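Engineer: Sending over coords.txt (compact mmCIF, C-alpha atoms and all ligand atoms).
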```txt
# COMPACT_ATOMS: atom_id res chain seq x y z
CA MET N 1 0.00 0.00 0.00
CA GLU N 2 1.42 3.32 -1.04
CA LEU N 3 1.41 5.83 1.81
CA ILE N 4 -0.09 9.25 1.09
CA GLY N 5 1.94 11.58 3.35
CA GLN N 6 1.00 15.12 4.33
CA LEU N 7 -2.20 16.66 2.91
CA LYS N 8 -3.30 20.30 2.97
CA SER N 9 -6.66 21.99 2.45
CA ASN N 10 -7.04 24.20 -0.61
CA LYS N 11 -6.57 27.91 0.11
CA CYS N 12 -10.09 28.74 -1.09
CA ILE N 13 -11.49 26.99 2.01
CA LYS N 14 -12.21 29.10 5.13
CA ARG N 15 -13.02 27.32 8.35
CA HIS N 16 -15.70 29.18 10.28
CA PRO N 17 -14.27 31.07 13.28
CA GLU N 18 -17.07 29.72 15.51
CA ASN N 19 -16.18 26.09 14.77
CA PRO N 20 -17.29 23.68 15.98
CA ILE N 21 -20.80 25.00 15.31
CA LEU N 22 -22.58 22.18 17.17
CA THR N 23 -21.31 19.93 19.95
CA ALA N 24 -22.80 17.47 22.44
CA LYS N 25 -22.95 20.29 25.05
CA ALA N 26 -25.84 21.90 23.13
CA ILE N 27 -27.96 18.74 23.12
CA PRO N 28 -30.81 18.53 25.70
CA TYR N 29 -30.78 14.70 25.88
CA GLU N 30 -28.11 12.04 26.34
CA SER N 31 -25.36 12.87 23.89
CA ASP N 32 -21.62 12.35 23.57
CA LEU N 33 -20.63 12.70 19.94
CA ILE N 34 -22.49 14.98 17.46
CA PHE N 35 -21.28 14.70 13.89
CA ASN N 36 -21.88 13.73 10.24
CA ALA N 37 -25.00 15.89 9.90
CA GLY N 38 -27.19 16.41 6.85
CA VAL N 39 -27.98 20.10 6.30
CA ALA N 40 -30.32 21.82 3.83
CA LYS N 41 -32.33 25.01 3.36
CA TYR N 42 -36.06 24.53 3.73
CA GLN N 43 -38.86 27.08 4.00
CA GLY N 44 -36.45 29.93 4.70
CA LYS N 45 -34.49 28.18 7.45
CA TYR N 46 -31.43 26.01 7.65
CA ILE N 47 -32.32 22.54 8.85
CA MET N 48 -29.97 19.94 10.23
CA VAL N 49 -30.34 16.28 11.14
CA PHE N 50 -27.25 15.17 13.05
CA ARG N 51 -25.88 11.86 14.23
CA ASN N 52 -25.78 11.46 18.01
CA ASP N 53 -23.73 8.64 19.52
CA TYR N 54 -24.53 8.39 23.22
CA GLY N 55 -23.15 6.55 26.20
CA TYR N 56 -19.46 6.92 25.41
CA LYS N 57 -17.03 7.69 28.19
CA LYS N 58 -14.34 10.14 27.15
CA GLY N 59 -10.90 8.62 27.10
CA GLY N 60 -12.04 5.17 25.99
CA SER N 61 -14.44 3.72 23.51
CA TYR N 62 -16.35 1.85 26.21
CA GLY N 63 -19.86 2.55 27.43
CA PHE N 64 -21.40 3.05 23.99
CA LYS N 65 -25.19 2.69 24.21
CA GLY N 66 -26.45 3.61 20.78
CA THR N 67 -27.05 6.13 18.04
CA ASN N 68 -30.05 8.31 17.31
CA LEU N 69 -30.58 11.31 15.06
CA GLY N 70 -31.37 14.80 16.32
CA PHE N 71 -32.98 17.78 14.61
CA ALA N 72 -31.88 21.42 14.74
CA TYR N 73 -32.79 24.56 12.81
CA SER N 74 -31.17 27.93 12.30
CA ASP N 75 -31.73 31.36 10.75
CA ASP N 76 -28.11 31.91 9.81
CA GLY N 77 -26.67 28.42 9.35
CA ILE N 78 -24.28 29.00 12.25
CA ASN N 79 -26.32 29.21 15.49
CA TRP N 80 -28.69 26.28 16.02
CA ASP N 81 -31.85 25.58 18.03
CA VAL N 82 -31.94 21.92 18.93
CA GLN N 83 -35.27 20.11 19.24
CA SER N 84 -35.90 18.78 22.79
CA LYS N 85 -35.88 15.10 21.81
CA PRO N 86 -34.26 12.96 19.11
CA CYS N 87 -36.15 12.84 15.80
CA PHE N 88 -35.24 9.39 14.46
CA GLU N 89 -33.99 6.10 15.84
CA LEU N 90 -34.13 2.59 14.37
CA LYS N 91 -33.55 -0.29 16.73
CA ASP N 92 -35.15 -3.73 16.94
CA GLU N 93 -34.23 -7.41 16.94
CA GLU N 94 -32.56 -7.02 13.54
CA ILE N 95 -31.54 -3.37 13.31
CA ILE N 96 -28.71 -2.05 15.47
CA ARG N 97 -28.89 1.64 14.49
CA ALA N 98 -29.39 4.26 11.78
CA TYR N 99 -26.71 6.97 11.28
CA ASP N 100 -25.02 9.45 8.92
CA PRO N 101 -28.14 11.30 7.61
CA ARG N 102 -28.02 13.35 4.41
CA LEU N 103 -30.87 15.70 3.46
CA THR N 104 -32.17 16.67 0.03
CA VAL N 105 -35.21 18.86 -0.64
CA ILE N 106 -37.12 17.68 -3.72
CA ASP N 107 -40.38 19.45 -4.69
CA GLU N 108 -40.73 21.02 -1.22
CA ARG N 109 -40.41 17.69 0.64
CA VAL N 110 -37.40 16.69 2.75
CA TYR N 111 -35.79 13.36 1.92
CA MET N 112 -33.26 11.77 4.24
CA CYS N 113 -30.75 9.12 3.22
CA PHE N 114 -29.13 7.21 6.06
CA ALA N 115 -27.02 4.15 6.80
CA VAL N 116 -28.46 1.24 8.81
CA ASP N 117 -26.34 -1.30 10.64
CA THR N 118 -28.18 -4.60 10.90
CA LYS N 119 -27.21 -8.04 12.16
CA HIS N 120 -26.94 -9.09 8.53
CA GLY N 121 -24.98 -6.20 7.04
CA THR N 122 -25.10 -2.45 6.46
CA ARG N 123 -28.00 -1.08 4.39
CA GLY N 124 -28.83 2.29 2.86
CA GLY N 125 -32.25 3.78 3.59
CA ILE N 126 -34.28 6.67 2.22
CA ALA N 127 -37.11 8.29 4.21
CA VAL N 128 -39.29 11.33 3.64
CA THR N 129 -40.60 13.78 6.22
CA ASP N 130 -42.64 16.98 6.31
CA ASP N 131 -42.25 17.74 10.03
CA PHE N 132 -38.90 16.18 11.12
CA ASN N 133 -40.64 13.88 13.58
CA ASN N 134 -42.60 11.52 11.38
CA PHE N 135 -40.50 9.79 8.77
CA GLU N 136 -41.87 7.43 6.14
CA ILE N 137 -39.20 4.93 5.07
CA LEU N 138 -39.43 4.51 1.32
CA THR N 139 -36.71 1.98 0.61
CA MET N 140 -33.77 0.05 2.03
CA THR N 141 -30.97 -1.52 -0.02
CA VAL N 142 -29.52 -4.98 0.37
CA PRO N 143 -26.18 -5.05 2.26
CA ASP N 144 -23.55 -3.71 2.02
CA ASN N 145 -24.28 -0.17 0.95
CA ARG N 146 -24.23 3.28 2.55
CA ASN N 147 -23.35 6.95 1.99
CA MET N 148 -26.33 7.40 -0.29
CA VAL N 149 -27.19 10.95 -1.40
CA LEU N 150 -30.09 12.15 -3.56
CA PHE N 151 -29.91 14.76 -6.32
CA PRO N 152 -32.33 17.67 -5.69
CA GLU N 153 -34.32 17.15 -8.89
CA LYS N 154 -35.17 14.48 -11.42
CA ILE N 155 -32.84 14.08 -14.41
CA ASN N 156 -34.47 12.72 -17.58
CA ASP N 157 -37.56 11.90 -15.50
CA LYS N 158 -35.63 9.80 -12.99
CA PHE N 159 -34.64 10.35 -9.38
CA ILE N 160 -30.90 9.86 -9.02
CA ARG N 161 -28.73 8.82 -6.10
CA LEU N 162 -25.02 8.39 -5.53
CA GLU N 163 -24.08 5.49 -3.30
CA ARG N 164 -21.16 3.49 -2.02
CA PRO N 165 -21.58 -0.26 -2.03
CA PHE N 166 -18.73 -2.05 -0.26
CA PRO N 167 -17.90 -5.26 -2.04
CA VAL N 168 -15.08 -6.83 -0.02
CA TYR N 169 -14.85 -10.28 -1.61
CA SER N 170 -14.61 -9.06 -5.19
CA ARG N 171 -12.24 -6.17 -4.40
CA GLY N 172 -9.46 -8.35 -3.00
CA GLY N 173 -10.61 -8.50 0.60
CA LYS N 174 -9.66 -4.85 1.19
CA ASP N 175 -11.52 -1.53 1.50
CA ARG N 176 -11.27 -0.75 -2.25
CA PHE N 177 -14.65 0.98 -2.44
CA ASP N 178 -15.97 3.27 -5.17
CA ILE N 179 -18.81 5.72 -5.89
CA TRP N 180 -21.81 4.42 -7.86
CA LEU N 181 -25.04 5.93 -9.19
CA SER N 182 -28.54 4.44 -9.57
CA ASP N 183 -31.85 5.82 -10.78
CA SER N 184 -35.51 5.32 -9.93
CA THR N 185 -38.92 6.47 -11.08
CA ASP N 186 -40.50 6.31 -7.60
CA LEU N 187 -37.61 6.53 -5.04
CA LYS N 188 -38.45 2.95 -4.00
CA TYR N 189 -37.12 0.69 -6.75
CA TRP N 190 -33.57 1.49 -7.88
CA GLY N 191 -31.55 0.25 -10.83
CA ASN N 192 -29.55 1.19 -13.94
CA SER N 193 -26.49 1.27 -11.68
CA ASN N 194 -23.20 2.66 -13.00
CA LEU N 195 -19.73 3.31 -11.64
CA VAL N 196 -19.03 7.05 -11.27
CA LEU N 197 -15.62 7.37 -9.61
CA ALA N 198 -13.20 4.61 -8.64
CA VAL N 199 -10.91 4.75 -5.62
CA GLU N 200 -7.82 4.37 -7.83
CA ASP N 201 -8.75 7.64 -9.59
CA VAL N 202 -8.18 9.61 -6.37
CA ALA N 203 -4.46 10.08 -5.74
CA TYR N 204 -4.86 10.88 -2.04
CA ALA N 205 -6.98 7.78 -1.25
CA ASN N 206 -5.19 4.48 -0.75
CA ASP N 207 -8.20 2.89 0.97
CA LYS N 208 -11.73 3.88 -0.14
CA ILE N 209 -13.93 6.76 -1.29
CA GLY N 210 -17.64 7.56 -0.89
CA PRO N 211 -20.22 10.28 -1.55
CA ALA N 212 -20.27 13.16 0.94
CA ALA N 213 -22.84 16.02 0.73
CA PRO N 214 -25.71 15.73 -1.79
CA PRO N 215 -24.87 17.29 -5.19
CA VAL N 216 -25.83 20.90 -5.96
CA LYS N 217 -26.74 22.27 -9.39
CA THR N 218 -24.42 24.81 -11.04
CA GLN N 219 -24.10 26.23 -14.53
CA LYS N 220 -21.18 23.88 -15.19
CA GLY N 221 -22.76 20.69 -13.91
CA TRP N 222 -23.58 18.94 -10.63
CA LEU N 223 -21.02 19.94 -8.04
CA THR N 224 -20.41 17.35 -5.37
CA THR N 225 -17.97 16.49 -2.62
CA PHE N 226 -16.77 13.03 -1.67
CA HIS N 227 -14.76 11.61 1.18
CA ALA N 228 -11.41 9.98 0.47
CA VAL N 229 -9.72 7.69 2.97
CA ASP N 230 -6.06 6.85 3.35
CA LYS N 231 -4.60 4.38 5.78
CA ASP N 232 -1.17 4.16 7.37
CA GLU N 233 -0.47 1.23 9.67
CA GLU N 234 2.19 3.27 11.45
CA ARG N 235 -0.54 5.49 12.88
CA GLY N 236 -1.34 4.40 16.42
CA LYS N 237 -3.58 5.95 19.05
CA ASN N 238 -5.40 8.79 17.32
CA GLY N 239 -8.42 9.27 19.52
CA TRP N 240 -10.23 7.41 22.23
CA GLU N 241 -9.71 3.96 20.77
CA GLU N 242 -6.47 2.01 21.05
CA LYS N 243 -5.75 2.45 17.38
CA TRP N 244 -7.11 4.57 14.53
CA GLN N 245 -5.08 4.37 11.34
CA LYS N 246 -7.32 6.11 8.80
CA ARG N 247 -7.57 9.72 7.66
CA TYR N 248 -10.69 11.12 5.95
CA SER N 249 -10.17 14.05 3.54
CA VAL N 250 -12.62 15.73 1.18
CA GLY N 251 -12.53 15.77 -2.60
CA ILE N 252 -14.61 17.73 -5.08
CA MET N 253 -15.86 16.90 -8.58
CA LEU N 254 -18.30 18.04 -11.22
CA LEU N 255 -20.77 15.65 -12.88
CA ASN N 256 -22.44 16.08 -16.28
CA ILE N 257 -25.74 17.93 -15.91
CA ASP N 258 -27.71 15.50 -18.12
CA ASN N 259 -25.73 12.35 -17.48
CA PRO N 260 -24.53 12.54 -13.86
CA ALA N 261 -22.67 9.22 -14.07
CA GLU N 262 -20.06 11.09 -16.13
CA VAL N 263 -17.34 13.01 -14.28
CA VAL N 264 -16.73 16.30 -16.11
CA GLY N 265 -13.87 17.37 -13.88
CA MET N 266 -12.27 16.55 -10.54
CA TYR N 267 -9.78 18.52 -8.50
CA LYS N 268 -6.66 16.36 -8.27
CA GLU N 269 -5.84 17.29 -4.67
CA PRO N 270 -7.96 17.35 -1.52
CA LEU N 271 -10.36 20.26 -1.04
CA ILE N 272 -10.21 19.87 2.73
CA ALA N 273 -7.73 17.80 4.75
CA PRO N 274 -7.71 17.51 8.56
CA GLU N 275 -5.65 20.37 10.00
CA ALA N 276 -7.58 22.33 12.65
CA PRO N 277 -7.26 21.18 16.29
CA TYR N 278 -10.92 20.02 16.40
CA GLU N 279 -10.13 17.80 13.41
CA THR N 280 -6.78 16.42 14.53
CA ARG N 281 -6.78 16.34 18.36
CA ASP N 282 -8.96 15.20 21.28
CA GLY N 283 -11.70 13.66 19.11
CA PHE N 284 -13.10 10.17 19.24
CA ARG N 285 -11.40 9.41 15.90
CA ASN N 286 -8.95 12.12 14.93
CA ASN N 287 -8.19 13.11 11.34
CA VAL N 288 -11.72 12.57 10.08
CA ILE N 289 -13.57 15.17 7.97
CA PHE N 290 -16.93 13.87 6.78
CA PRO N 291 -19.13 16.38 4.90
CA GLY N 292 -22.89 15.88 4.79
CA GLY N 293 -24.29 19.23 3.60
CA MET N 294 -23.46 21.77 0.90
CA ILE N 295 -25.48 24.94 0.32
CA ILE N 296 -24.89 27.60 -2.35
CA GLU N 297 -25.98 31.06 -1.17
CA LYS N 298 -27.20 33.78 -3.56
CA SER N 299 -23.95 35.68 -2.92
CA GLY N 300 -21.95 32.79 -4.39
CA GLU N 301 -20.73 31.67 -0.99
CA VAL N 302 -20.84 27.91 -0.49
CA LYS N 303 -21.40 26.50 2.98
CA LEU N 304 -19.93 23.07 3.58
CA TYR N 305 -21.00 21.28 6.76
CA TYR N 306 -18.88 18.43 8.03
CA GLY N 307 -18.42 16.13 10.97
CA ALA N 308 -14.95 16.54 12.52
CA ALA N 309 -13.12 13.71 14.30
CA ASP N 310 -16.43 11.81 14.70
CA THR N 311 -17.06 14.20 17.61
CA VAL N 312 -18.41 17.64 16.55
CA GLU N 313 -20.11 19.37 13.61
CA CYS N 314 -18.26 22.13 11.73
CA LEU N 315 -18.67 24.61 8.87
CA ALA N 316 -16.27 25.70 6.13
CA THR N 317 -17.00 28.19 3.35
CA ALA N 318 -15.67 28.82 -0.14
CA TYR N 319 -16.84 30.62 -3.27
CA ILE N 320 -18.63 28.77 -6.02
CA ASP N 321 -16.36 30.10 -8.80
CA ASP N 322 -13.26 28.86 -6.96
CA LEU N 323 -14.76 25.39 -6.52
CA LEU N 324 -15.77 25.16 -10.18
CA ASN N 325 -12.33 26.35 -11.27
CA LEU N 326 -10.68 23.68 -9.14
CA CYS N 327 -12.81 20.97 -10.76
CA LEU N 328 -12.17 22.24 -14.28
CA SER N 329 -8.47 23.07 -13.95
CA LYS N 330 -6.23 20.68 -15.83
CA LYS N 331 -3.55 20.59 -13.11
C1 LIG C 401 -17.10 5.54 8.33
C2 LIG C 401 -18.49 5.86 8.83
C3 LIG C 401 -18.57 7.31 9.27
C4 LIG C 401 -17.40 7.70 10.15
C5 LIG C 401 -16.10 7.24 9.56
C6 LIG C 401 -14.91 7.49 10.44
O1 LIG C 401 -16.95 4.19 8.02
O2 LIG C 401 -18.81 5.03 9.92
O3 LIG C 401 -19.75 7.45 10.00
O4 LIG C 401 -17.37 9.09 10.28
O5 LIG C 401 -16.15 5.86 9.29
O6 LIG C 401 -15.03 6.80 11.65
```
Kindly transcribe the structure held in the file into structure tokens.
Ligand code: BMA
Structural biologist:
Amino acid sequence: MELIGQLKSNKCIKRHPENPILTAKAIPYESDLIFNAGVAKYQGKYIMVFRNDYGYKKGGSYGFKGTNLGFAYSDDGINWDVQSKPCFELKDEEIIRAYDPRLTVIDERVYMCFAVDTKHGTRGGIAVTDDFNNFEILTMTVPDNRNMVLFPEKINDKFIRLERPFPVYSRGGKDRFDIWLSDSTDLKYWGNSNLVLAVEDVAYANDKIGPAAPPVKTQKGWLTTFHAVDKDEERGKNGWEEKWQKRYSVGIMLLNIDNPAEVVGMYKEPLIAPEAPYETRDGFRNNVIFPGGMIIEKSGEVKLYYGAADTVECLATAYIDDLLNLCLSKK
């Protein structure tokens, strides 16, 4: 395995000075780690569904009780009001938990993709809600799949999702995982699956890649982030667990507006790499940046929401023209 070495964020990225913008301290119910949130704009407000892992004891990975999802809303995308109780939890004889929500507004309804750990593998789910408390589950994949994100509108009369199946057996028994795309006429039955981006196409990933925030529409195509993972077995204790050897960085690419399985351009280096103290120190798993929400403002500012170190939720901003230029530059 080729080691990746030092990685730096692109200079167009500005971390918000109030980072982290949401932590477990702000949560009015049992909460230890708040991260990997889905964020969208809906009816004039920013809405967030975040992952809440509860029961952990700081300093070790013991005590873990479970995961639920919480809801928060905001007028400015920075300061959040958190609902008094969790909004979503799946747990029964078969299902262990649901986590890593991603939100997409389609025709004024809020759709949430999420991962589901079950006793028989990890599945990807899609639910729809109008009030953030009642969710109708529309579909669940077979294992193993997760990191699904929906496009905000139909393309050629089909709903489209990016996803990240994780075929271990056929990829040499390692984490060689890639980004795929499927379509659907009803959000329930999915097919026409195609490979979009392979892990070997990303120079700073020696492990796996996966979709990050849901794609946003621009004049040059669908702009979307992805997470890219590199592993170094020399890395030892990087968080609360005995050993954490992975690093999660963020990549950015542009997909064809009419045929989103086609990559029009991809920036060859990471857009964001773990550098700030809340990304690299004191977290449950350090060196993890995991984006779940991307919003383009009218001013051209882009807000990128990401989980940092599997512990807190953060915000970075950039300008749309800079992001498009990165994707389209030949370097
Ligand atoms: C992935 C997912 C994410 C998590 C990341 C780093 O496999 O479980 O939820 O942020 O690992 O731990």
Engineer: Which residues come within 12 Å of N:Pro20, counting all atoms listed in the file, excluding same-chain residues fewer than 2 positions away, as a VMD selection string?
Structural biologist: chain N and resid 15 to 18 22 to 26 34 to 35 78 to 80 276 to 279 283 305 to 316
Engineer: Let me see if you get this right: every residue at most 9 Å from ligand LIG 401 (chain C), counting only C-alpha atoms and all ligand atoms, written as a count of residues only.
Structural biologist: 24
Engineer: Atom CA of N:Lys154 and atom CA of N:Leu187, how far apart in Å?
Structural biologist: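 So the answer is 10.5 Å.
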Engineer: Nearest to N:Val216: which of N:Asp81, N:Glu297, N:Asp92, N:Glu2 is it, counting only C-alpha atoms?
Structural biologist: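 Among N:Asp81, N:Glu297, N:Asp92, N:Glu2, it is N:Glu297 that comes nearest to N:Val216.
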Engineer: For N:Tyr42, which residue among N:Val110, N:Ile209, N:Ala98, N:Leu162 is the nearest when counting all atoms listed in the file?
Structural biologist: N:Val110
Engineer: Between N:Tyr204, N:Phe177, N:Phe50, N:Tyr56, which has the minimum distance to N:Phe132 (counting all atoms listed in the file)?
Structural biologist: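 Of the candidates, the smallest distance to N:Phe132 is held by N:Phe50.
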Engineer: Rounded to one decimal, what separation in Å do you get between atom CA of N:Gly300 and atom CA of N:Ile106?
Structural biologist: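 Interatomic distance here is 21.4 Å.
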Engineer: Hey, can you check how far atom CA of N:Thr185 sits from atom CA of N:Ile155?
Structural biologist: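 Rounded to one decimal, the two atoms are 10.3 Å apart.
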Engineer: List every protein, DNA or RNA residue that has at least one atom no more than 12 Å from (-4.5, 6.0, 22.1) in the file's coordinates, counting only C-alpha atoms, and write the result as a PyMOL selection string.
Structural biologist: chain N and resi 58-61+235-245+281-286
